[in-house]
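Below is one structure, written out as C-alpha cells; comments come after it.
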Amino acid sequence: MNETFCRALLRAGLTEDDVAARLGVDLKTVRRWVEGKALPYRRHRWALAALLSTAETDLWPQLRGAQPRPDEVVAIYPHLSTVPQEARLRLFGSAQHEISNLDNGEVPLGRDRDVVKILAERARAGIRVRICVAERGGTEASTGPGAVTPTAEVHGALQRWAPLRESGAVEIRLHEGVLYTFLYRADDQLLIGQRVYGVPADQAPALHLHQAAGGGMFATYLDSFERIWAQAHPLPGWPAPGESG
C-alpha cells in the first residue's frame, strides 16, 4: 500500500474515482497505484503531483535516486491550457502571504471566474496581490509622467480583474516591454507559461515549480518578475492598497 499516496488523496479530498476521471485512466489502474502494485507512467506521475500539489518524489520516494529533474520541478505540462483547473485553484488558494501574476490580453487567468474569486478572497484576508498586465503592442499616449493608457486589447484583460478593485491589498500595473513568460506565483509555488515563437500562448509548455533549498530556477523567475514589476506603470484609476475605489 502506498500510504503517502493515500494520505495525499485524503488531503486533497479526492477519491480513486476522481483520479481516474481526471487522468482518463481505468479505475483498476488507480487502485494498483494506491496499493503500490504499479508505478504510474511519467506523464501520469507529473499529472498526479500537480493534482495533489506535491512533488513526484514525495509520492514515490523510490524515484529520488534516479530523479532526472531538479527538485524544484513539481510538474511539466505540454501546454499551458492543459494545466488542470484544480491545480490553478489550489495554487492560489494555498497562498498565505503573497500572490503575483504576470500575463497579457492573450491568455489572462482572469478569464477563469473561479480564479478571480479566489484572488478576491485572498486579498480580503490581507494577502498582498500584485497583477502585472503586459502590452503586446505598446501603450497608447501617456496622460502624464509615469502614466499610460492601456490599449483596447489589454483593456479587456483589465476588465476581467475588475472584481478585485474593492477586495483589499491589490495592486495592478502595466508592462510595456517584451513578455517572455507568463508567471503566476503563490508564496513558494510558481506556475510558468513559456513563450514559443509562432505558437499560441496557451499551446506553449508550462512548468510548475516550488521553492527548494539549493535550487535556482524559482529564484531566477521570481527575480525576473520583480524587475518587470519595478519598471511597470501603475494603472490610472486603480486604487492603491488601502484606498477606496
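In the C-alpha cells, the first chain shown is A, the next is B, and so on; residue numbers restart at 1 for each chain, and ligands run from 1 in the order shown.
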What are the closest atom pairs, with distances in Å to one decimal, for each residue of region 161-182 of chain A lying within 7 Å of region 222-235 of chain A, using only C-alpha atoms, rows by chain and rising residue number, as CSV?
residue,atom,partner,partner_atom,distance
A:Ile172,CA,A:Leu235,CA,6.2
A:Arg173,CA,A:Pro234,CA,4.4
A:Leu174,CA,A:His233,CA,5.1
A:His175,CA,A:Ala232,CA,4.6
Can you list, as a VMD selection string, every residue of region 25-189 of chain A that DSSP puts in helix (DSSP H, G or I)?
chain A and resid 27 to 34 42 to 51 56 to 59 61 to 66 80 to 82 85 to 93 109 to 111 113 to 124 152 to 160 162 to 164
Selection to disk with C-alpha atoms, as a short mmCIF file (atom, residue, chain, number, x, y, z; two decimals), in the first residue's frame:
data_model
loop_
_atom_site.label_atom_id
_atom_site.label_comp_id
_atom_site.auth_asym_id
_atom_site.auth_seq_id
_atom_site.Cartn_x
_atom_site.Cartn_y
_atom_site.Cartn_z
CA LEU A 27 -10.22 2.77 -12.03
CA LYS A 28 -8.35 -0.53 -11.70
CA THR A 29 -5.16 1.24 -12.74
CA VAL A 30 -5.59 3.85 -10.00
CA ARG A 31 -6.18 1.10 -7.44
CA ARG A 32 -2.92 -0.57 -8.46
CA TRP A 33 -1.15 2.75 -7.85
CA VAL A 34 -2.78 3.12 -4.43
CA ARG A 42 5.87 9.52 -16.07
CA ARG A 43 3.10 11.63 -17.63
CA HIS A 44 0.66 10.30 -15.03
CA ARG A 45 3.10 10.89 -12.16
CA TRP A 46 3.53 14.52 -13.21
CA ALA A 47 -0.22 14.98 -13.55
CA LEU A 48 -0.80 13.43 -10.12
CA ALA A 49 1.90 15.56 -8.50
CA ALA A 50 0.22 18.70 -9.88
CA LEU A 51 -3.25 17.49 -8.93
CA GLU A 56 6.63 13.41 -7.61
CA THR A 57 9.37 12.08 -5.33
CA ASP A 58 7.19 12.62 -2.25
CA LEU A 59 4.57 10.26 -3.68
CA PRO A 61 10.35 8.07 -2.84
CA GLN A 62 11.99 5.26 -4.82
CA LEU A 63 12.43 7.73 -7.68
CA ARG A 64 14.76 10.01 -5.73
CA GLY A 65 17.92 8.12 -6.56
CA ALA A 66 17.26 8.31 -10.29
CA LEU A 80 -0.46 25.95 -20.61
CA SER A 81 -4.06 25.12 -21.47
CA THR A 82 -3.64 21.59 -20.07
CA GLN A 85 -8.20 23.97 -13.14
CA GLU A 86 -7.91 22.19 -9.78
CA ALA A 87 -4.15 22.81 -9.83
CA ARG A 88 -4.62 26.52 -10.59
CA LEU A 89 -7.24 26.98 -7.89
CA ARG A 90 -5.18 25.08 -5.34
CA LEU A 91 -2.11 27.15 -6.24
CA PHE A 92 -3.79 30.48 -5.48
CA GLY A 93 -5.93 29.14 -2.65
CA LEU A 109 -6.07 33.74 -15.97
CA GLY A 110 -8.68 36.39 -15.29
CA ARG A 111 -10.88 34.56 -17.80
CA ARG A 113 -14.01 33.45 -12.75
CA ASP A 114 -13.12 30.94 -10.04
CA VAL A 115 -9.53 32.22 -10.08
CA VAL A 116 -10.73 35.83 -9.75
CA LYS A 117 -12.98 34.77 -6.87
CA ILE A 118 -10.11 33.09 -5.01
CA LEU A 119 -7.82 36.10 -5.53
CA ALA A 120 -10.54 38.36 -4.13
CA GLU A 121 -10.93 36.09 -1.10
CA ARG A 122 -7.17 36.02 -0.51
CA ALA A 123 -6.95 39.82 -0.82
CA ARG A 124 -9.78 40.30 1.69
CA ALA A 152 -8.06 48.02 -26.27
CA GLU A 153 -6.54 44.54 -26.10
CA VAL A 154 -5.29 44.96 -22.56
CA HIS A 155 -8.36 46.91 -21.51
CA GLY A 156 -10.37 43.70 -21.88
CA ALA A 157 -7.92 41.82 -19.68
CA LEU A 158 -8.06 44.55 -17.05
CA GLN A 159 -11.84 44.44 -17.05
CA ARG A 160 -11.71 40.78 -16.06
CA ALA A 162 -12.22 44.49 -12.07
CA PRO A 163 -13.89 42.47 -9.26
CA LEU A 164 -10.61 42.78 -7.33
#
How many Å lie between CA of Phe182 (chain A) and CA of Cys132 (chain A), rounded to one decimal?
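These atoms are spaced 10.0 Å apart.
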Using DSSP secondary structure from the backbone, list all strand (DSSP E) positions within region 19-149 of chain A, as a list of chain:residue names.
A:Val73, A:Val74, A:Ala75, A:Ile76, A:Tyr77, A:Glu98, A:Ile99, A:Ser100, A:Asn101, A:Leu102, A:Asp103, A:Asn104, A:Arg128, A:Val129, A:Arg130, A:Ile131, A:Cys132, A:Val133, A:Ala134
When distances are computed from only C-alpha atoms, which of A:Val133, A:Leu9, A:Ile76, A:Leu52 shows the smallest separation from Glu176 (chain A)?
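The closest residue to Glu176 (chain A) is A:Val133.
Computed from the coordinates, the CA of Tyr184 (chain A) to CA of Thr4 (chain A) distance equals 27.6 Å.
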